[in-house]
$ cat structure04.cif   # mmCIF, C-alpha atoms
data_query
#
loop_
_atom_site.label_atom_id
_atom_site.label_comp_id
_atom_site.auth_asym_id
_atom_site.auth_seq_id
_atom_site.Cartn_x
_atom_site.Cartn_y
_atom_site.Cartn_z
CA MET A 6 73.20 71.62 -55.08
CA SER A 7 72.32 68.33 -56.71
CA SER A 8 74.27 66.83 -59.54
CA PRO A 9 72.86 67.40 -63.07
CA THR A 10 70.48 64.69 -64.24
CA PHE A 11 70.50 62.95 -67.59
CA TYR A 12 67.65 65.20 -68.68
CA ASP A 13 69.65 68.29 -67.68
CA PHE A 14 72.40 67.12 -70.04
CA GLU A 15 69.87 66.37 -72.78
CA LYS A 16 68.29 69.81 -72.45
CA ARG A 17 71.72 71.50 -72.63
CA ILE A 18 72.79 69.46 -75.67
CA PHE A 19 69.65 70.37 -77.59
CA GLU A 20 69.89 74.00 -76.55
CA LEU A 21 73.43 74.13 -77.98
CA TYR A 22 72.37 72.09 -81.03
CA ASN A 23 69.49 74.46 -81.79
CA ASN A 24 71.93 77.36 -81.59
CA LYS A 25 74.27 75.52 -83.97
CA LYS A 26 76.99 75.29 -81.31
CA PHE A 27 77.84 71.75 -82.35
CA HIS A 28 81.34 71.60 -80.86
CA GLU A 29 80.05 72.67 -77.45
CA ALA A 30 77.15 70.24 -77.71
CA LEU A 31 79.61 67.47 -78.52
CA ASP A 32 81.63 68.25 -75.39
CA VAL A 33 78.46 67.98 -73.29
CA ALA A 34 77.41 64.76 -75.06
CA VAL A 35 80.82 63.15 -74.38
CA LEU A 36 80.50 64.12 -70.73
CA ALA A 37 76.97 62.67 -70.65
CA ARG A 38 78.28 59.38 -72.08
CA GLN A 39 80.87 59.21 -69.31
CA LYS A 40 78.46 60.20 -66.56
CA PHE A 41 75.59 57.98 -67.72
CA PRO A 42 77.08 54.72 -69.03
CA ASP A 43 73.63 53.12 -68.65
CA ARG A 44 72.25 55.34 -71.45
CA PRO A 45 74.47 54.45 -74.42
CA GLN A 46 71.65 54.36 -76.97
CA ARG A 47 71.06 58.09 -76.59
CA THR A 48 74.55 59.35 -75.75
CA TYR A 49 76.30 57.51 -78.59
CA PHE A 50 73.64 58.73 -81.00
CA TRP A 51 74.15 62.35 -79.94
CA ILE A 52 77.91 62.01 -80.32
CA LEU A 53 77.55 60.31 -83.69
CA CYS A 54 75.27 63.04 -85.03
CA LEU A 55 77.42 65.84 -83.71
CA TYR A 56 80.62 64.40 -85.17
CA SER A 57 78.83 64.14 -88.49
CA LEU A 58 77.63 67.75 -88.29
CA ILE A 59 81.10 69.14 -87.60
CA GLY A 60 82.58 67.20 -90.50
CA GLU A 61 84.36 64.53 -88.44
CA SER A 62 82.99 61.60 -90.47
CA ASP A 63 85.74 59.18 -89.43
CA LYS A 64 85.02 59.86 -85.76
CA ALA A 65 81.29 59.44 -86.41
CA ILE A 66 81.92 56.03 -87.99
CA ALA A 67 84.23 55.05 -85.12
CA THR A 68 81.52 56.06 -82.64
CA LEU A 69 79.02 53.88 -84.48
CA GLU A 70 81.42 50.94 -84.52
CA ASN A 71 82.19 51.33 -80.80
CA ALA A 72 78.49 51.36 -79.98
CA LEU A 73 77.86 48.27 -82.10
CA ASP A 74 80.78 46.48 -80.43
CA MET A 75 79.04 47.18 -77.10
CA GLY A 76 75.79 45.71 -78.42
CA VAL A 77 74.10 49.08 -78.96
CA TRP A 78 72.43 49.42 -82.35
CA TRP A 79 69.80 51.42 -84.19
CA SER A 80 67.45 50.49 -86.98
CA GLU A 81 68.77 50.82 -90.49
CA GLN A 82 65.84 53.09 -91.37
CA MET A 83 66.54 55.42 -88.45
CA LEU A 84 70.19 55.85 -89.41
CA LYS A 85 69.38 56.29 -93.11
CA SER A 86 66.67 58.88 -92.47
CA GLU A 87 68.53 60.97 -89.87
CA PRO A 88 69.32 64.34 -91.51
CA ASP A 89 72.33 64.89 -89.24
CA LEU A 90 73.96 61.80 -90.74
CA LYS A 91 73.61 62.94 -94.34
CA SER A 92 77.39 63.33 -94.68
CA LEU A 93 77.80 59.59 -93.99
CA GLN A 94 75.20 58.25 -96.43
CA GLU A 95 77.54 57.61 -99.37
CA ARG A 96 80.33 56.00 -97.36
CA SER A 97 80.81 52.28 -97.88
CA ASP A 98 81.72 51.80 -94.21
CA PHE A 99 78.41 53.43 -93.25
CA ARG A 100 76.54 51.03 -95.54
CA ASP A 101 78.45 48.16 -93.89
CA ILE A 102 77.30 49.44 -90.50
CA LEU A 103 73.71 49.58 -91.72
CA GLN A 104 73.96 45.91 -92.70
CA ARG A 105 75.46 45.08 -89.32
CA CYS A 106 72.59 46.88 -87.57
CA GLU A 107 70.07 44.93 -89.63
CA LYS A 108 71.81 41.67 -88.67
CA MET A 109 71.70 42.63 -85.00
CA LYS A 110 68.00 43.42 -85.30
CA VAL A 111 67.28 40.01 -86.83
CA GLU A 112 69.32 38.29 -84.10
CA VAL A 113 67.35 40.07 -81.38
CA GLN A 114 64.05 39.21 -83.05
CA THR A 115 64.92 35.53 -83.31
CA LYS A 116 66.13 35.33 -79.71
CA ASN A 117 63.08 37.06 -78.28
CA ASN A 118 60.29 34.69 -79.08
CA VAL A 119 57.04 35.74 -77.49
CA GLU A 120 54.77 33.01 -76.27
CA LEU A 121 51.08 33.36 -75.76
CA LEU A 122 50.02 31.66 -72.58
CA LEU A 123 46.38 30.88 -72.07
CA PHE A 124 45.22 30.04 -68.58
CA THR A 125 41.85 28.45 -68.06
CA PRO A 126 40.07 28.10 -64.72
CA PRO A 127 40.15 24.64 -63.17
CA ASN A 128 37.33 22.38 -64.33
CA SER A 129 36.69 24.51 -67.43
CA LYS A 130 36.57 22.92 -70.86
CA HIS A 131 36.80 26.24 -72.75
CA PRO A 132 38.97 29.30 -72.31
CA LEU A 133 37.19 32.39 -71.06
CA PRO A 134 37.03 35.47 -73.28
CA LEU A 135 39.50 38.26 -72.52
CA SER A 136 36.86 40.99 -72.39
#
$ encode --input "structure04.cif" --output "structure tokens"
Amino acid sequence: MSSPTFYDFEKRIFELYNNKKFHEALDVAVLARQKFPDRPQRTYFWILCLYSLIGESDKAIATLENALDMGVWWSEQMLKSEPDLKSLQERSDFRDILQRCEKMKVEVQTKNNVELLLFTPPNSKHPLPLS
């Protein structure tokens, strides 16, 4: 029998989540984080949301901070609009994290300059249309 895939874990987590078995879903999400270290954006988010849902706000904040320390971040709007994170909205440390995420977003945007390159055929005085 083959080993469970990332999508097998995801399916199980959401099955448990939909049945409001948040503690069990958290256990599966933590295992997914360990088994799939190349997918931190998703696994940390699941863990964060599940900690929030079970009332473990300090652990949710710690999960967010750990992810940010690894360079994993989410948009401020996504975190603010996520219903599962409602219990964190009024916390000052959550607002600090939102600011940190926004800073990381700006840093990424300034580092990733996109250049438009236009190639013209040899001996041509004008670029050719793209269509």
$ residues_around --input "structure04.cif" --residues "segment 59-70 of chain A" --least-positions-apart "4" --cutoff "12 Å" --atoms "all atoms listed in the file" --output "VMD selection string"
chain A and resid 22 25 to 31 35 38 45 to 55 74 to 79 84 89 to 103 105 to 106
$ closest_residue --input "structure04.cif" --among "A:Ser80, A:Ser7, A:Ser86, A:Asn128" --to "Lys108 of chain A" --atoms "only C-alpha atoms"
A:Ser80
$ atom_distance --input "structure04.cif" --atom1 "atom CA of Glu87 of chain A" --atom2 "atom CA of Ser57 of chain A"
10.9 Å
$ atom_distance --input "structure04.cif" --atom1 "atom CA of Asp32 of chain A" --atom2 "atom CA of Pro88 of chain A"
20.7 Å
$ atom_distance --input "structure04.cif" --atom1 "atom CA of Asn24 of chain A" --atom2 "atom CA of Leu73 of chain A"
29.7 Å
$ closest_residue --input "structure04.cif" --among "A:Val33, A:Val111, A:Leu58, A:Met83" --to "Phe14 of chain A" --atoms "all atoms listed in the file"
A:Val33
$ closest_residue --input "structure04.cif" --among "A:Phe19, A:Lys85, A:Tyr56, A:Ala34" --to "Gln104 of chain A" --atoms "all atoms listed in the file"
A:Lys85
$ build_atoms --input "structure04.cif" --residues "segment 11-27 of chain A" --atoms "N, CA, C and O atoms" --output "short mmCIF file (atom, residue, chain, number, x, y, z; two decimals), in the frame of the given file"
data_model
loop_
_atom_site.label_atom_id
_atom_site.label_comp_id
_atom_site.auth_asym_id
_atom_site.auth_seq_id
_atom_site.Cartn_x
_atom_site.Cartn_y
_atom_site.Cartn_z
N PHE A 11 70.39 63.27 -66.17
CA PHE A 11 70.50 62.95 -67.59
C PHE A 11 69.70 63.94 -68.43
O PHE A 11 70.15 64.41 -69.46
N TYR A 12 68.52 64.29 -67.94
CA TYR A 12 67.65 65.20 -68.68
C TYR A 12 68.20 66.63 -68.69
O TYR A 12 67.96 67.37 -69.65
N ASP A 13 68.96 67.01 -67.66
CA ASP A 13 69.65 68.29 -67.68
C ASP A 13 70.68 68.32 -68.82
O ASP A 13 70.80 69.31 -69.54
N PHE A 14 71.42 67.22 -68.96
CA PHE A 14 72.40 67.12 -70.04
C PHE A 14 71.69 67.16 -71.40
O PHE A 14 72.12 67.88 -72.30
N GLU A 15 70.62 66.41 -71.52
CA GLU A 15 69.87 66.37 -72.78
C GLU A 15 69.38 67.77 -73.16
O GLU A 15 69.52 68.20 -74.31
N LYS A 16 68.81 68.46 -72.20
CA LYS A 16 68.29 69.81 -72.45
C LYS A 16 69.42 70.73 -72.92
O LYS A 16 69.25 71.50 -73.87
N ARG A 17 70.58 70.65 -72.26
CA ARG A 17 71.72 71.50 -72.63
C ARG A 17 72.23 71.16 -74.04
O ARG A 17 72.53 72.06 -74.83
N ILE A 18 72.32 69.87 -74.34
CA ILE A 18 72.79 69.46 -75.67
C ILE A 18 71.87 70.00 -76.75
O ILE A 18 72.34 70.57 -77.75
N PHE A 19 70.57 69.89 -76.56
CA PHE A 19 69.65 70.37 -77.59
C PHE A 19 69.59 71.89 -77.66
O PHE A 19 69.37 72.45 -78.73
N GLU A 20 69.82 72.54 -76.54
CA GLU A 20 69.89 74.00 -76.55
C GLU A 20 71.09 74.44 -77.41
O GLU A 20 70.96 75.31 -78.27
N LEU A 21 72.23 73.82 -77.19
CA LEU A 21 73.43 74.13 -77.98
C LEU A 21 73.23 73.73 -79.44
O LEU A 21 73.59 74.48 -80.36
N TYR A 22 72.64 72.57 -79.66
CA TYR A 22 72.37 72.09 -81.03
C TYR A 22 71.49 73.09 -81.78
O TYR A 22 71.78 73.45 -82.92
N ASN A 23 70.42 73.53 -81.14
CA ASN A 23 69.49 74.46 -81.79
C ASN A 23 70.14 75.80 -82.10
O ASN A 23 69.70 76.51 -83.00
N ASN A 24 71.18 76.13 -81.34
CA ASN A 24 71.93 77.36 -81.59
C ASN A 24 73.16 77.11 -82.47
O ASN A 24 74.03 77.98 -82.58
N LYS A 25 73.20 75.92 -83.06
CA LYS A 25 74.27 75.52 -83.97
C LYS A 25 75.66 75.59 -83.34
O LYS A 25 76.66 75.81 -84.01
N LYS A 26 75.72 75.35 -82.05
CA LYS A 26 76.99 75.29 -81.31
C LYS A 26 77.36 73.81 -81.17
O LYS A 26 77.35 73.25 -80.07
N PHE A 27 77.66 73.19 -82.30
CA PHE A 27 77.84 71.75 -82.35
C PHE A 27 79.06 71.26 -81.58
O PHE A 27 79.01 70.20 -80.96
#
